[in-house]
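Report on one structure; see the data block that follows.
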Amino acid sequence: MRPGPTTWIILLGLLLVAIPQARGAFTLIGFPIEDPATREVVEEYTLARQLQTVRVIGTLKTTNWVLDRPPFAATLARHLHPPLESYHITEKGDGLYAVDDMGALRGSVRLVARAPERRVYLVEGQFRSLAHLLKLSGSMVFTLTVQERWEGNESYVEIDPQLFVRLDNILAHGILKILAPLIHGVIDRRVGNLTAAAQLVSQRLTQNPQGLYREIRTWPDVRPAELEEYRHAFRIVEDGGKGGG
């Protein structure tokens, strides 16, 4: 028997169901994101947080200069804010960085998307609480939206961070209600330390870049190329003067 019109319709419907459908366009803070790992974290997150706005003195230009140099930014944070003295970032190339905080945080950070006022990062790795009571692995996407504002004659920058966390441990998903307060507490402490460091770094870079340069020259963990980039960016002259703005 030849199949009738109804049979063909049913067969066609089954065929369309069986064919993988293309996923729609995915955007994050205005960026079209094609990276599958980033999309997976955002769409299947374990928890998400819109963090409190961070306000630092300075300009968008200076803020971007620091953000474009994660290893040097970590060095500044270590020296200017002692709670982060164990925090290290190492460049691996192609926008990939290794992060190590004495084993408490170990993994990689990858720049997924960048614009002058927006950034998206993907973090993958492991985290342990200081008392080693909590050990989790997974991925995190965090976004930064940066805006320059003015108050009188002084400029400042507002940074709005957002994060999405996806845990690998299925058990952790099942007991998230129990773990959530602990995880949020860990996030708040780390964000608090990073915020304090960012404010100290921006203050020194804005108010006394020459004095900070003299300090940086004594730090053994600063590469000559980093020192030269700093000197050029802030127009520092070796005789103790400072070039024009």
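Letters A, B, ... mark the chains of the structure tokens in the order given; residue numbers begin at 1 per chain; ligand numbers begin at 1, in order shown.
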
- Message: When you look at range 216-224 of chain A with a cut-off of 12 Å (counting only C-alpha atoms), what residues show up, excluding the ones that are within fewer than 4 positions of it in the same chain? I need them as a ChimeraX atom specification.
- Response: /A:71-80,85,88-90,204-205,209-212,228-231,238

Counting only C-alpha atoms, which residues of range 12-96 of chain A fall within 12 Å of range 178-191 of chain A, and what is the closest atom pair for each with its distance in Å at one decimal, ordered by chain and rising number, as a Markdown table?
| residue | atom | partner | partner_atom | distance |
| --- | --- | --- | --- | --- |
| A:Thr46 | CA | A:Ala180 | CA | 9.7 |
| A:Leu47 | CA | A:Ala180 | CA | 8.3 |
| A:Ala48 | CA | A:His184 | CA | 9.9 |
| A:Arg49 | CA | A:His184 | CA | 8.9 |
| A:Gln50 | CA | A:Asp188 | CA | 11.5 |
| A:Leu51 | CA | A:Val191 | CA | 8.6 |
| A:Gln52 | CA | A:Val191 | CA | 9.4 |
| A:Thr53 | CA | A:Val191 | CA | 10.9 |
| A:Val54 | CA | A:Val191 | CA | 9.8 |
| A:Pro83 | CA | A:Arg190 | CA | 9.8 |
| A:Leu84 | CA | A:Arg190 | CA | 9.3 |
| A:Tyr87 | CA | A:Arg190 | CA | 11.0 |

Mind dumping the selected residues with C-alpha atoms as a PDB file, in the first residue's frame?
ATOM      1  CA  THR A  46      24.099  26.529  39.167  1.00  0.00           C
ATOM      2  CA  LEU A  47      23.886  30.013  40.613  1.00  0.00           C
ATOM      3  CA  ALA A  48      24.062  33.563  39.263  1.00  0.00           C
ATOM      4  CA  ARG A  49      24.822  36.869  40.936  1.00  0.00           C
ATOM      5  CA  GLN A  50      24.569  40.495  39.939  1.00  0.00           C
ATOM      6  CA  LEU A  51      27.279  41.943  42.148  1.00  0.00           C
ATOM      7  CA  GLN A  52      27.355  45.368  43.719  1.00  0.00           C
ATOM      8  CA  THR A  53      28.726  48.191  41.593  1.00  0.00           C
ATOM      9  CA  VAL A  54      32.402  48.938  42.241  1.00  0.00           C
ATOM     10  CA  PRO A  83      45.157  39.829  51.642  1.00  0.00           C
ATOM     11  CA  LEU A  84      45.851  39.082  47.962  1.00  0.00           C
ATOM     12  CA  TYR A  87      47.212  35.689  44.140  1.00  0.00           C
TER      13      TYR A  87
END

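Minimum distance to Tyr97 in chain A across A:Pro161, A:Pro70, A:Gly138, A:Gly30 (counting only C-alpha atoms) occurs at A:Pro70.
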
- Extract the full set of helix (DSSP H, G or I) residues from range 95-206 of chain A according to DSSP on the backbone, and format it as JSON, numbers by chain. {"A": [170, 171, 172, 173, 174, 176, 177, 178, 179, 180, 181, 182, 183, 184, 185, 186, 187, 188, 189, 190, 191, 192, 193, 194, 195, 196, 197, 198, 199, 200, 201, 202, 203, 204, 205, 206]}

Export of the given selection (N, CA and C atoms) as a compact mmCIF listing (two decimals), in the first residue's frame:
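Wrote it out as selection_37.txt, contents follow:
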# COMPACT_ATOMS: atom_id res chain seq x y z
N ILE A 170 27.53 16.91 40.44
CA ILE A 170 26.06 16.77 40.41
C ILE A 170 25.50 16.80 41.83
N LEU A 171 26.22 16.22 42.78
CA LEU A 171 25.77 16.22 44.17
C LEU A 171 25.63 17.65 44.67
N ALA A 172 26.58 18.51 44.23
CA ALA A 172 26.52 19.90 44.67
C ALA A 172 25.24 20.56 44.18
N HIS A 173 24.79 20.20 42.97
CA HIS A 173 23.53 20.74 42.47
C HIS A 173 22.38 20.30 43.37
N GLY A 174 22.42 19.03 43.81
CA GLY A 174 21.34 18.49 44.61
C GLY A 174 21.23 19.10 45.98
N LEU A 176 22.29 22.24 46.73
CA LEU A 176 22.65 23.65 46.56
C LEU A 176 22.05 24.52 47.66
N LYS A 177 20.85 24.20 48.11
CA LYS A 177 20.23 25.01 49.15
C LYS A 177 21.07 25.03 50.42
N ILE A 178 21.78 23.92 50.66
CA ILE A 178 22.65 23.86 51.84
C ILE A 178 23.97 24.57 51.58
N LEU A 179 24.49 24.39 50.37
CA LEU A 179 25.79 24.97 50.04
C LEU A 179 25.72 26.45 49.70
N ALA A 180 24.56 26.90 49.23
CA ALA A 180 24.46 28.26 48.70
C ALA A 180 24.97 29.33 49.66
N PRO A 181 24.56 29.33 50.94
CA PRO A 181 25.08 30.38 51.83
C PRO A 181 26.60 30.36 51.95
N LEU A 182 27.19 29.17 51.96
CA LEU A 182 28.64 29.08 52.05
C LEU A 182 29.30 29.59 50.77
N ILE A 183 28.75 29.19 49.62
CA ILE A 183 29.31 29.64 48.34
C ILE A 183 29.18 31.16 48.20
N HIS A 184 28.02 31.68 48.55
CA HIS A 184 27.84 33.13 48.45
C HIS A 184 28.78 33.87 49.40
N GLY A 185 29.03 33.29 50.56
CA GLY A 185 29.97 33.90 51.50
C GLY A 185 31.37 33.95 50.94
N VAL A 186 31.78 32.86 50.29
CA VAL A 186 33.10 32.80 49.65
C VAL A 186 33.20 33.85 48.55
N ILE A 187 32.16 33.94 47.73
CA ILE A 187 32.13 34.92 46.64
C ILE A 187 32.24 36.33 47.20
N ASP A 188 31.47 36.62 48.24
CA ASP A 188 31.48 37.97 48.82
C ASP A 188 32.85 38.33 49.37
N ARG A 189 33.53 37.38 50.03
CA ARG A 189 34.85 37.67 50.58
C ARG A 189 35.86 37.93 49.47
N ARG A 190 35.82 37.10 48.43
CA ARG A 190 36.77 37.30 47.32
C ARG A 190 36.49 38.60 46.58
N VAL A 191 35.24 38.87 46.33
CA VAL A 191 34.88 40.11 45.65
C VAL A 191 35.27 41.31 46.51
N GLY A 192 35.09 41.19 47.81
CA GLY A 192 35.47 42.28 48.72
C GLY A 192 36.95 42.57 48.65
N ASN A 193 37.78 41.52 48.64
CA ASN A 193 39.23 41.70 48.55
C ASN A 193 39.62 42.30 47.20
N LEU A 194 39.03 41.79 46.13
CA LEU A 194 39.35 42.31 44.80
C LEU A 194 38.90 43.76 44.65
N THR A 195 37.76 44.10 45.25
CA THR A 195 37.27 45.48 45.20
C THR A 195 38.21 46.42 45.93
N ALA A 196 38.63 46.01 47.13
CA ALA A 196 39.56 46.84 47.90
C ALA A 196 40.87 47.04 47.15
N ALA A 197 41.37 45.96 46.53
CA ALA A 197 42.62 46.06 45.76
C ALA A 197 42.44 46.99 44.57
N ALA A 198 41.31 46.85 43.85
CA ALA A 198 41.06 47.70 42.68
C ALA A 198 41.02 49.17 43.07
N GLN A 199 40.41 49.47 44.21
CA GLN A 199 40.32 50.86 44.65
C GLN A 199 41.68 51.41 45.04
N LEU A 200 42.50 50.60 45.69
CA LEU A 200 43.84 51.04 46.06
C LEU A 200 44.71 51.26 44.82
N VAL A 201 44.66 50.31 43.89
CA VAL A 201 45.47 50.42 42.67
C VAL A 201 45.07 51.66 41.88
N SER A 202 43.77 51.85 41.67
CA SER A 202 43.31 53.00 40.88
C SER A 202 43.67 54.32 41.56
N GLN A 203 43.61 54.34 42.88
CA GLN A 203 43.96 55.55 43.61
C GLN A 203 45.43 55.91 43.42
N ARG A 204 46.29 54.90 43.55
CA ARG A 204 47.72 55.16 43.39
C ARG A 204 48.06 55.55 41.95
N LEU A 205 47.45 54.89 40.98
CA LEU A 205 47.72 55.20 39.57
C LEU A 205 47.25 56.59 39.20
N THR A 206 46.16 57.04 39.83
CA THR A 206 45.59 58.34 39.50
C THR A 206 46.30 59.47 40.24

- Selection: 9 Å around range 142-145 of chain A, only C-alpha atoms, excl. self and same-chain fewer than 3 positions, as a list of chain:residue names: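 Near neighbours after the sequence-gap exclusion: A:Leu28, A:Ile29, A:Glu117, A:Arg118, A:Arg119, A:Val120, A:Tyr121, A:Leu122, A:Val123, A:Glu158, A:Ile159, A:Asp160, A:Pro161, A:Gln162, A:Leu163, A:Phe164, A:Val165.
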
Using the selection just defined, write its residues with all heavy atoms as a short mmCIF file (atom, residue, chain, number, x, y, z; two decimals), in the first residue's frame.
data_model
loop_
_atom_site.label_atom_id
_atom_site.label_comp_id
_atom_site.auth_asym_id
_atom_site.auth_seq_id
_atom_site.Cartn_x
_atom_site.Cartn_y
_atom_site.Cartn_z
N LEU A 28 25.41 38.28 25.23
CA LEU A 28 25.69 38.52 26.64
C LEU A 28 26.27 39.92 26.75
O LEU A 28 27.26 40.23 26.09
CB LEU A 28 26.66 37.47 27.17
CG LEU A 28 26.97 37.51 28.67
CD1 LEU A 28 25.70 37.27 29.49
CD2 LEU A 28 28.02 36.45 29.02
N ILE A 29 25.64 40.77 27.53
CA ILE A 29 25.93 42.21 27.67
C ILE A 29 26.23 42.84 26.31
O ILE A 29 27.15 43.65 26.16
CB ILE A 29 27.04 42.49 28.69
CG1 ILE A 29 28.37 41.83 28.32
CG2 ILE A 29 26.61 42.09 30.08
CD1 ILE A 29 29.55 42.33 29.16
N GLU A 117 34.07 49.28 26.94
CA GLU A 117 33.27 49.39 28.16
C GLU A 117 32.64 48.06 28.58
O GLU A 117 31.78 48.03 29.46
CB GLU A 117 32.17 50.44 27.98
CG GLU A 117 32.73 51.84 27.76
CD GLU A 117 31.64 52.89 27.67
OE1 GLU A 117 30.47 52.51 27.52
OE2 GLU A 117 31.96 54.09 27.75
N ARG A 118 33.07 46.95 27.97
CA ARG A 118 32.48 45.66 28.31
C ARG A 118 33.52 44.55 28.15
O ARG A 118 34.36 44.61 27.26
CB ARG A 118 31.29 45.34 27.39
CG ARG A 118 30.10 46.27 27.50
CD ARG A 118 29.14 46.03 26.35
NE ARG A 118 29.73 46.40 25.07
CZ ARG A 118 29.41 45.84 23.90
NH1 ARG A 118 28.52 44.86 23.85
NH2 ARG A 118 29.98 46.25 22.78
N ARG A 119 33.41 43.55 28.99
CA ARG A 119 34.28 42.38 28.88
C ARG A 119 33.54 41.14 29.37
O ARG A 119 32.71 41.22 30.29
CB ARG A 119 35.55 42.54 29.73
CG ARG A 119 36.51 43.59 29.16
CD ARG A 119 37.58 43.96 30.17
NE ARG A 119 38.31 45.12 29.69
CZ ARG A 119 39.49 45.08 29.08
NH1 ARG A 119 40.08 43.91 28.91
NH2 ARG A 119 40.09 46.18 28.68
N VAL A 120 33.88 39.99 28.77
CA VAL A 120 33.34 38.70 29.19
C VAL A 120 34.52 37.75 29.38
O VAL A 120 35.38 37.63 28.50
CB VAL A 120 32.36 38.12 28.16
CG1 VAL A 120 31.90 36.72 28.59
CG2 VAL A 120 31.16 39.04 27.97
N TYR A 121 34.56 37.08 30.52
CA TYR A 121 35.61 36.12 30.83
C TYR A 121 35.01 34.76 31.16
O TYR A 121 33.91 34.67 31.73
CB TYR A 121 36.43 36.57 32.05
CG TYR A 121 37.15 37.89 31.89
CD1 TYR A 121 36.52 39.09 32.21
CD2 TYR A 121 38.47 37.94 31.45
CE1 TYR A 121 37.17 40.30 32.09
CE2 TYR A 121 39.14 39.15 31.33
CZ TYR A 121 38.49 40.33 31.65
OH TYR A 121 39.14 41.53 31.53
N LEU A 122 35.76 33.71 30.85
CA LEU A 122 35.40 32.35 31.23
C LEU A 122 36.49 31.82 32.15
O LEU A 122 37.68 31.82 31.81
CB LEU A 122 35.29 31.44 30.00
CG LEU A 122 35.07 29.95 30.29
CD1 LEU A 122 33.69 29.71 30.94
CD2 LEU A 122 35.20 29.12 29.02
N VAL A 123 36.08 31.35 33.33
CA VAL A 123 37.00 30.78 34.31
C VAL A 123 36.68 29.31 34.46
O VAL A 123 35.51 28.93 34.63
CB VAL A 123 36.86 31.48 35.68
CG1 VAL A 123 37.88 30.93 36.68
CG2 VAL A 123 37.02 32.99 35.53
N GLU A 158 32.73 53.41 37.22
CA GLU A 158 31.82 52.44 37.85
C GLU A 158 31.91 51.11 37.10
O GLU A 158 31.78 51.08 35.87
CB GLU A 158 30.38 52.95 37.84
CG GLU A 158 30.12 54.07 38.83
CD GLU A 158 28.65 54.44 38.92
OE1 GLU A 158 27.89 54.05 38.00
OE2 GLU A 158 28.28 55.12 39.88
N ILE A 159 32.16 50.05 37.84
CA ILE A 159 32.29 48.71 37.26
C ILE A 159 31.15 47.85 37.79
O ILE A 159 30.99 47.69 39.00
CB ILE A 159 33.64 48.07 37.64
CG1 ILE A 159 34.79 49.00 37.22
CG2 ILE A 159 33.79 46.69 36.99
CD1 ILE A 159 36.14 48.52 37.72
N ASP A 160 30.35 47.32 36.87
CA ASP A 160 29.24 46.45 37.25
C ASP A 160 29.58 45.02 36.89
O ASP A 160 29.59 44.65 35.70
CB ASP A 160 27.95 46.87 36.53
CG ASP A 160 27.38 48.15 37.10
OD1 ASP A 160 27.15 48.20 38.32
OD2 ASP A 160 27.18 49.12 36.33
N PRO A 161 29.88 44.16 37.89
CA PRO A 161 30.21 42.77 37.61
C PRO A 161 28.99 41.86 37.75
O PRO A 161 28.11 42.08 38.60
CB PRO A 161 31.25 42.42 38.71
CG PRO A 161 31.27 43.61 39.65
CD PRO A 161 30.14 44.50 39.29
N GLN A 162 28.94 40.86 36.91
CA GLN A 162 27.91 39.83 36.98
C GLN A 162 28.59 38.48 36.79
O GLN A 162 29.53 38.37 35.99
CB GLN A 162 26.85 40.05 35.91
CG GLN A 162 25.68 39.06 35.95
CD GLN A 162 24.68 39.32 34.84
OE1 GLN A 162 25.03 39.85 33.79
NE2 GLN A 162 23.42 38.95 35.05
N LEU A 163 28.12 37.48 37.52
CA LEU A 163 28.75 36.17 37.35
C LEU A 163 27.72 35.05 37.29
O LEU A 163 26.61 35.15 37.83
CB LEU A 163 29.78 35.90 38.46
CG LEU A 163 29.34 35.86 39.93
CD1 LEU A 163 28.77 34.48 40.30
CD2 LEU A 163 30.51 36.17 40.83
N PHE A 164 28.11 34.00 36.58
CA PHE A 164 27.33 32.77 36.45
C PHE A 164 28.27 31.62 36.80
O PHE A 164 29.36 31.51 36.24
CB PHE A 164 26.81 32.58 35.02
CG PHE A 164 25.98 33.72 34.50
CD1 PHE A 164 26.59 34.84 33.93
CD2 PHE A 164 24.60 33.68 34.57
CE1 PHE A 164 25.84 35.89 33.43
CE2 PHE A 164 23.83 34.73 34.08
CZ PHE A 164 24.45 35.83 33.51
N VAL A 165 27.84 30.76 37.71
CA VAL A 165 28.67 29.65 38.16
C VAL A 165 27.98 28.34 37.82
O VAL A 165 26.78 28.17 38.09
CB VAL A 165 28.93 29.71 39.69
CG1 VAL A 165 29.78 28.53 40.14
CG2 VAL A 165 29.60 31.03 40.06
#

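Nearest to Glu124 in chain A of all the residues A:Ala233, A:Val41, A:Ala104, A:Ala225 is A:Val41, based on only C-alpha atoms.
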
- Given the choices A:Pro116, A:Pro82, A:Gly125, A:Pro32, which gets closest to Glu148 in chain A if the distance is worked out from only C-alpha atoms? A:Pro116

- Message: as a PyMOL selection string, please: the residues near Lys92 in chain A (cut-off 10 Å, only C-alpha atoms, same-chain neighbours under 4 positions excluded).
- Response: chain A and resi 96-98+108-110
